[in-house]
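*Asks:* run.txt is the file, holding compact mmCIF, C-alpha atoms:
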```txt
# COMPACT_ATOMS: atom_id res chain seq x y z
CA MET A 1 36.92 116.10 68.42
CA ALA A 2 35.17 114.52 65.43
CA VAL A 3 35.84 110.91 64.52
CA ASP A 4 38.19 110.72 61.54
CA HIS A 5 37.11 107.57 59.72
CA SER A 6 40.29 107.52 57.64
CA MET A 7 42.55 107.17 60.69
CA PRO A 8 44.49 103.92 61.09
CA VAL A 9 42.97 101.67 63.77
CA LEU A 10 44.85 98.83 65.45
CA ILE A 11 42.93 95.81 66.78
CA VAL A 12 44.84 93.69 69.30
CA ASP A 13 43.47 90.25 70.17
CA ASP A 14 44.84 86.70 70.26
CA TYR A 15 41.56 85.30 68.95
CA LYS A 16 41.35 85.61 65.16
CA THR A 17 37.56 85.36 65.46
CA MET A 18 37.39 88.50 67.61
CA ILE A 19 39.70 90.37 65.24
CA ARG A 20 37.42 89.46 62.33
CA ILE A 21 34.32 90.53 64.26
CA ILE A 22 35.76 93.89 65.30
CA ARG A 23 37.24 94.47 61.83
CA ASN A 24 33.81 93.85 60.24
CA LEU A 25 32.05 96.10 62.74
CA LEU A 26 34.61 98.87 62.12
CA LYS A 27 34.13 98.47 58.38
CA GLN A 28 30.39 98.95 58.79
CA LEU A 29 31.10 102.04 60.90
CA GLY A 30 33.19 103.44 58.05
CA PHE A 31 36.72 102.58 59.23
CA ALA A 32 38.63 100.95 56.38
CA ASN A 33 42.21 101.49 57.54
CA VAL A 34 42.47 98.68 60.09
CA ASP A 35 45.52 96.68 61.16
CA GLU A 36 45.72 93.79 63.60
CA ALA A 37 48.15 92.33 66.15
CA GLY A 38 48.02 89.06 68.09
CA ASP A 39 49.33 90.37 71.42
CA GLY A 40 50.60 93.49 73.17
CA SER A 41 54.20 93.02 72.15
CA ALA A 42 53.40 92.78 68.43
CA ALA A 43 51.07 95.77 68.79
CA LEU A 44 53.76 97.86 70.45
CA ASP A 45 56.18 97.10 67.61
CA MET A 46 53.54 98.15 65.09
CA MET A 47 52.73 101.33 66.99
CA ARG A 48 56.37 102.33 66.94
CA LEU A 49 56.37 102.04 63.14
CA LYS A 50 53.02 103.64 62.36
CA ASP A 51 50.83 106.32 63.94
CA TYR A 52 47.47 104.86 64.96
CA GLY A 53 44.44 107.03 65.65
CA LEU A 54 42.84 104.39 67.86
CA VAL A 55 43.82 101.12 69.56
CA ILE A 56 41.15 98.53 70.42
CA SER A 57 42.72 95.86 72.60
CA ASP A 58 41.82 92.68 74.44
CA TRP A 59 43.29 92.28 77.94
CA ASN A 60 44.08 88.57 78.34
CA MET A 61 46.88 87.80 75.88
CA GLU A 62 50.33 86.27 76.00
CA PRO A 63 53.17 87.13 76.18
CA MET A 64 52.19 90.80 76.64
CA THR A 65 48.67 91.54 77.94
CA GLY A 66 46.51 94.45 76.85
CA TYR A 67 47.03 96.05 80.26
CA GLU A 68 50.81 95.85 79.89
CA LEU A 69 50.48 97.28 76.37
CA LEU A 70 48.41 100.16 77.74
CA ARG A 71 51.06 100.94 80.38
CA GLU A 72 53.84 100.81 77.77
CA VAL A 73 51.87 103.11 75.48
CA ARG A 74 51.13 105.63 78.21
CA ALA A 75 54.80 105.61 79.29
CA ASP A 76 56.03 106.35 75.77
CA ASP A 77 56.12 110.08 74.98
CA ARG A 78 55.37 109.55 71.31
CA LEU A 79 52.48 107.13 71.86
CA SER A 80 51.04 108.33 75.14
CA ARG A 81 48.14 110.29 73.62
CA THR A 82 46.84 107.44 71.45
CA PRO A 83 43.16 106.73 72.24
CA PHE A 84 42.89 103.25 73.74
CA ILE A 85 39.75 101.15 74.22
CA MET A 86 39.88 97.87 76.14
CA VAL A 87 37.50 95.16 74.85
CA THR A 88 37.62 92.28 77.30
CA ALA A 89 35.71 89.67 79.26
CA GLU A 90 37.29 91.07 82.44
CA SER A 91 34.62 92.96 84.35
CA LYS A 92 35.99 92.80 87.91
CA THR A 93 35.81 96.33 89.28
CA ASP A 94 39.39 96.26 90.60
CA ASN A 95 40.67 95.43 87.13
CA VAL A 96 38.55 98.09 85.45
CA VAL A 97 39.81 100.65 87.97
CA ALA A 98 43.41 99.51 87.33
CA ALA A 99 42.91 99.97 83.59
CA LYS A 100 41.36 103.38 84.14
CA LYS A 101 44.26 104.43 86.36
CA ALA A 102 46.65 103.24 83.67
CA GLY A 103 44.92 105.60 81.24
CA VAL A 104 42.43 103.58 79.21
CA ASN A 105 39.93 105.84 77.43
CA ASN A 106 37.01 103.44 77.48
CA TYR A 107 36.17 99.86 78.35
CA ILE A 108 33.87 97.35 76.66
CA VAL A 109 32.82 94.05 78.24
CA LYS A 110 32.48 91.00 76.00
CA PRO A 111 30.05 89.95 74.66
CA PHE A 112 29.19 93.28 73.08
CA ASN A 113 27.30 94.53 70.03
CA ALA A 114 27.87 97.00 67.21
CA ALA A 115 25.96 99.77 69.01
CA THR A 116 28.19 99.50 72.09
CA LEU A 117 31.37 99.65 70.01
CA LYS A 118 30.10 102.70 68.12
CA ALA A 119 29.00 104.41 71.36
CA LYS A 120 32.39 103.91 73.01
CA ILE A 121 34.33 105.11 69.94
CA ASP A 122 32.07 108.19 69.77
CA ALA A 123 32.60 108.78 73.50
CA VAL A 124 36.38 108.59 73.17
CA PHE A 125 36.33 111.18 70.40
CA GLY A 126 33.84 113.37 72.25
CA GLU A 127 30.91 112.98 69.87
CA MET B 1 43.96 78.08 67.90
CA SER B 2 44.79 80.41 70.73
CA GLY B 3 47.79 79.69 72.88
CA ARG B 4 46.19 80.41 76.21
CA GLY B 5 46.28 76.85 77.51
CA LYS B 6 49.14 75.69 79.63
CA SER B 7 50.40 72.18 79.39
CA THR B 8 53.19 71.63 81.86
CA ALA B 9 51.29 69.03 83.83
CA ARG B 10 50.20 67.32 80.63
CA ARG B 11 53.84 66.87 79.71
CA ARG B 12 54.67 65.61 83.16
CA ALA B 13 51.81 63.13 82.95
CA GLY B 14 53.83 61.06 80.53
CA GLY B 15 56.04 59.91 83.39
CA ARG B 16 55.40 56.89 85.57
CA ALA B 17 53.38 57.33 88.76
CA PRO B 18 53.22 54.80 91.57
CA ALA B 19 50.24 52.43 91.24
CA ARG B 20 48.87 53.25 94.72
CA ARG B 21 45.07 52.85 94.85
CA ARG B 22 42.94 55.80 95.97
CA GLU B 23 39.40 55.90 97.39
CA SER B 24 37.96 56.06 93.87
CA GLY B 25 39.45 52.63 93.21
CA ARG B 26 41.73 54.11 90.55
CA SER B 27 45.47 54.34 90.88
CA VAL B 28 47.01 57.82 90.81
CA ALA B 29 48.40 57.05 87.36
CA GLU B 30 44.91 56.12 86.16
CA GLU B 31 43.41 59.28 87.67
CA ILE B 32 46.05 61.40 85.98
CA THR B 33 45.34 59.68 82.67
CA VAL B 34 41.64 60.54 83.07
CA LEU B 35 42.51 64.18 83.78
CA VAL B 36 44.88 64.39 80.82
CA ASN B 37 42.17 62.92 78.58
CA THR B 38 39.76 65.55 79.94
CA LEU B 39 42.26 68.24 78.94
CA ARG B 40 42.34 66.77 75.44
CA GLU B 41 38.53 66.93 75.29
CA LEU B 42 38.63 70.58 76.36
CA ALA B 43 41.17 71.34 73.65
CA ALA B 44 38.83 69.66 71.15
CA ILE B 45 35.92 71.84 72.35
CA ARG B 46 38.05 74.94 71.80
CA ALA B 47 39.03 73.81 68.30
CA THR B 48 35.44 72.95 67.38
CA ALA B 49 34.19 76.33 68.61
CA GLU B 50 36.91 78.11 66.66
CA ASP B 51 36.08 76.20 63.48
CA ALA B 52 32.33 76.85 63.86
CA ALA B 53 32.84 80.57 64.52
CA SER B 54 35.16 80.84 61.55
CA ARG B 55 32.70 79.15 59.17
CA ILE B 56 29.80 81.29 60.41
CA LEU B 57 31.92 84.41 59.92
CA ASP B 58 32.82 83.28 56.38
CA SER B 59 29.12 83.04 55.55
CA ALA B 60 28.23 86.33 57.27
CA GLU B 61 31.03 88.15 55.44
CA GLY B 62 29.74 86.67 52.17
CA LEU B 63 26.23 87.92 52.93
CA LEU B 64 27.53 91.34 53.92
CA ALA B 65 29.13 91.71 50.51
CA PHE B 66 25.62 91.59 48.99
CA ALA B 67 24.38 94.25 51.41
CA ASP B 68 25.77 97.02 49.22
CA ASN B 69 22.52 97.52 47.34
CA GLU B 70 19.70 99.36 49.09
CA GLU B 71 17.34 96.36 49.28
CA ALA B 72 19.86 94.21 51.07
CA LYS B 73 20.76 96.94 53.57
CA LYS B 74 17.83 95.69 55.64
CA ALA B 75 19.71 92.48 56.23
CA GLU B 76 22.84 94.28 57.38
CA GLU B 77 21.80 94.58 61.01
CA ALA B 78 20.97 90.88 61.21
CA ILE B 79 24.29 89.95 59.63
CA LEU B 80 26.20 92.14 62.11
CA SER B 81 24.29 90.41 64.92
CA ILE B 82 25.42 87.04 63.59
CA MET B 83 28.99 88.29 63.47
CA THR B 84 29.04 89.65 67.01
CA ALA B 85 27.43 86.43 68.27
CA CYS B 86 30.50 84.62 66.91
CA GLY B 87 32.33 86.14 69.86
CA PHE B 88 31.08 83.05 71.69
CA HIS B 89 34.28 81.39 70.46
CA ASP B 90 36.43 83.80 72.47
CA LEU B 91 34.33 83.40 75.64
CA VAL B 92 34.09 79.60 75.30
CA GLY B 93 37.84 79.52 74.75
CA GLN B 94 38.53 81.57 77.87
CA ARG B 95 36.25 79.42 80.03
CA VAL B 96 37.78 76.22 78.69
CA THR B 97 41.25 77.62 79.32
CA LYS B 98 40.34 78.38 82.94
CA ILE B 99 39.11 74.80 83.42
CA ALA B 100 42.19 73.40 81.68
CA GLU B 101 44.49 75.45 83.89
CA THR B 102 42.65 74.18 86.99
CA LEU B 103 43.06 70.60 85.78
CA ASP B 104 46.73 71.28 85.07
CA ARG B 105 47.17 72.42 88.66
CA VAL B 106 45.28 69.39 90.02
CA ILE B 107 47.46 67.06 87.95
CA ALA B 108 50.64 68.80 89.02
CA THR B 109 49.59 68.77 92.69
CA ARG B 110 48.71 65.07 92.60
CA MET B 111 51.97 64.17 90.94
CA LYS B 112 53.98 66.20 93.42
CA ALA B 113 52.00 64.82 96.36
CA GLU B 114 52.78 61.36 95.13
CA LYS B 115 56.44 62.18 95.20
CA GLY B 116 56.01 63.39 98.78
CA ARG B 117 56.91 66.96 98.02
CA LYS B 118 55.06 70.06 99.02
CA ARG B 119 53.93 72.36 96.28
CA ALA B 120 54.56 76.00 97.13
CA ALA B 121 51.76 78.28 95.95
CA PRO B 122 53.05 81.02 93.68
CA SER B 123 52.90 84.51 95.16
CA SER B 124 50.35 86.77 93.52
CA LYS B 125 51.46 89.88 95.38
CA GLY B 126 51.45 92.95 93.16
CA ARG B 127 49.96 91.08 90.20
CA ILE B 128 46.60 91.63 88.58
CA THR B 129 44.51 88.47 88.72
CA LEU B 130 42.23 88.01 85.75
CA GLU B 131 38.84 86.41 86.31
CA GLY B 132 37.81 85.80 82.70
CA PRO B 133 34.22 85.93 81.47
CA GLY B 134 31.46 86.52 84.01
CA LEU B 135 28.27 84.50 84.17
CA PRO B 136 26.02 84.50 81.10
CA GLY B 137 23.59 87.41 81.00
CA MET B 138 25.69 89.55 83.33
CA SER B 139 27.60 91.52 80.70
CA ASP B 140 24.95 94.29 80.34
CA GLU B 141 25.02 94.84 84.09
CA ALA B 142 28.82 94.81 84.12
CA GLN B 143 28.97 97.27 81.20
CA ALA B 144 26.56 99.62 83.01
CA ARG B 145 28.69 99.46 86.17
CA ILE B 146 31.85 100.14 84.17
CA ASP B 147 30.19 103.02 82.26
CA ALA B 148 29.30 104.54 85.63
CA LEU B 149 32.94 104.28 86.73
CA PHE B 150 34.04 106.15 83.60
CA ARG B 151 31.32 108.79 84.04
CA ASP B 152 32.16 109.39 87.69
CA ASN B 153 35.68 110.66 87.00
```
Would you write out, as structure tokens, the structure that this file holds?

*Replies:*
Amino acid sequence: MAVDHSMPVLIVDDYKTMIRIIRNLLKQLGFANVDEAGDGSAALDMMRLKDYGLVISDWNMEPMTGYELLREVRADDRLSRTPFIMVTAESKTDNVVAAKKAGVNNYIVKPFNAATLKAKIDAVFGE
Amino acid sequence: MSGRGKSTARRRAGGRAPARRRESGRSVAEEITVLVNTLRELAAIRATAEDAASRILDSAEGLLAFADNEEAKKAEEAILSIMTACGFHDLVGQRVTKIAETLDRVIATRMKAEKGRKRAAPSSKGRITLEGPGLPGMSDEAQARIDALFRDN
């Protein structure tokens, strides 16, 4: 599956700085259609109103974490196939395994660079 | 500013505590005041980091706008590096939040102990415990381990 650079991408993070960083990196990678949400709950509301081709989410947010968002997305028939990348400082193996079991497509540990983000997006879309 | 910090103990700290002296020579009330002030310092660190990251990003975004012509493309990689380095704000914030939460618990425990009540530890059964950022320099190793997990299945 080729990466469609016109697809809407949703960034979910409670740190505005991280949203700006990821948004800029995505722009340089050719993704211009980017929305943002400050936590899982806001993201879920947005996903129910608009079809996103990719979700890039932090884990540690309140009130709804990225992990809870992932589980909600995978449990929702309409959203369950949405590609989902976790970008988080959480690197404990148990947590990574939990995210994988919950259906995350790829996982990036902070701090990361542009090459890692590109590689994981390419991997998710099979390039 | 992110809302990750918890402040229940900080609110409680406004109340009066008995002036019993501890080994440090400070009363419990004085110790709690020191801890609450430390929490304020941590909040200031978070705010300063956020402000610095935001101003660096403003400048980097401004530079990136000039990178449209072919000459300036060479600078693009360096600008993206500056931008990703601004992620320090997130990691600093998470570490500071962990410390602040620990201080919150210490304050709450001391206040409860002073009142002669036992503090029941919350059950973590069935919950995922987050550890936050790992030690500096470990993220490449962690990413490689995680990549292996995703390759294996």

*Asks:* Contacts of Ile108 of chain A at 9 Å or less, counting all atoms listed in the file, minus same-chain residues fewer than 5 places along, as a list in words?

*Replies:* Ile85, Met86, Val87, Thr88, Ala89, Ser91, Thr116, Leu117 and Lys120 of chain A; Gln143, Ile146 and Asp147 of chain B

*Asks:* Kindly determine which residues of chain B lie within 7 Å of chain A, considering only C-alpha atoms, and give the answer as a list in words.

*Replies:*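 So the residues of chain B near chain A are Ser2, Ala53, Ser54, Met83, Thr84, Gly87, Asp90, Leu130, Glu131, Gly132, Pro133, Ser139, Ala142 and Gln143 of chain B.
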
*Asks:* What is the atom CA of Glu114 of chain B-atom CA of Thr97 of chain B distance in Å, reported with one decimal?

*Replies:*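 Going from atom CA of Glu114 of chain B over to atom CA of Thr97 of chain B covers 25.4 Å.
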
*Asks:* From the set A:Phe84, A:Ser41, A:Asp77, A:Gly66, which residue has the shortest atom-to-atom contact distance to Leu54 of chain A, counting only C-alpha atoms?

*Replies:*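 That would be A:Phe84, the residue with the smallest distance to Leu54 of chain A.
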
*Asks:* Enter the distance from atom CA of Leu135 of chain B to atom CA of Thr48 of chain B, in Å, rounded to one decimal.

*Replies:*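 Spanning atom CA of Leu135 of chain B to atom CA of Thr48 of chain B is a straight-line distance of 21.6 Å.
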
*Asks:* Identify the residues around (37.1, 111.4, 72.2) within a radius of 10 Å, measuring from only C-alpha atoms in the coordinates stated by the file, and give them as a PyMOL selection string.

*Replies:* chain A and resi 1-3+83+105-106+120-127

*Asks:* Report as a list of chain:residue names all protein, DNA and RNA residues lying within 8 Å of Ile56 of chain B, evaluated on all atoms listed in the file, omitting residues in the same chain fewer than 3 positions from it.

*Replies:* B:Ala52, B:Ala53, B:Ser59, B:Ala60, B:Ile82, B:Met83, B:Cys86

*Asks:* What does the structure give for the distance between atom CA of Glu36 of chain A and atom CA of Val12 of chain A, in Å to one decimal?

*Replies:*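 Atom-to-atom, atom CA of Glu36 of chain A to atom CA of Val12 of chain A, that is 5.8 Å.
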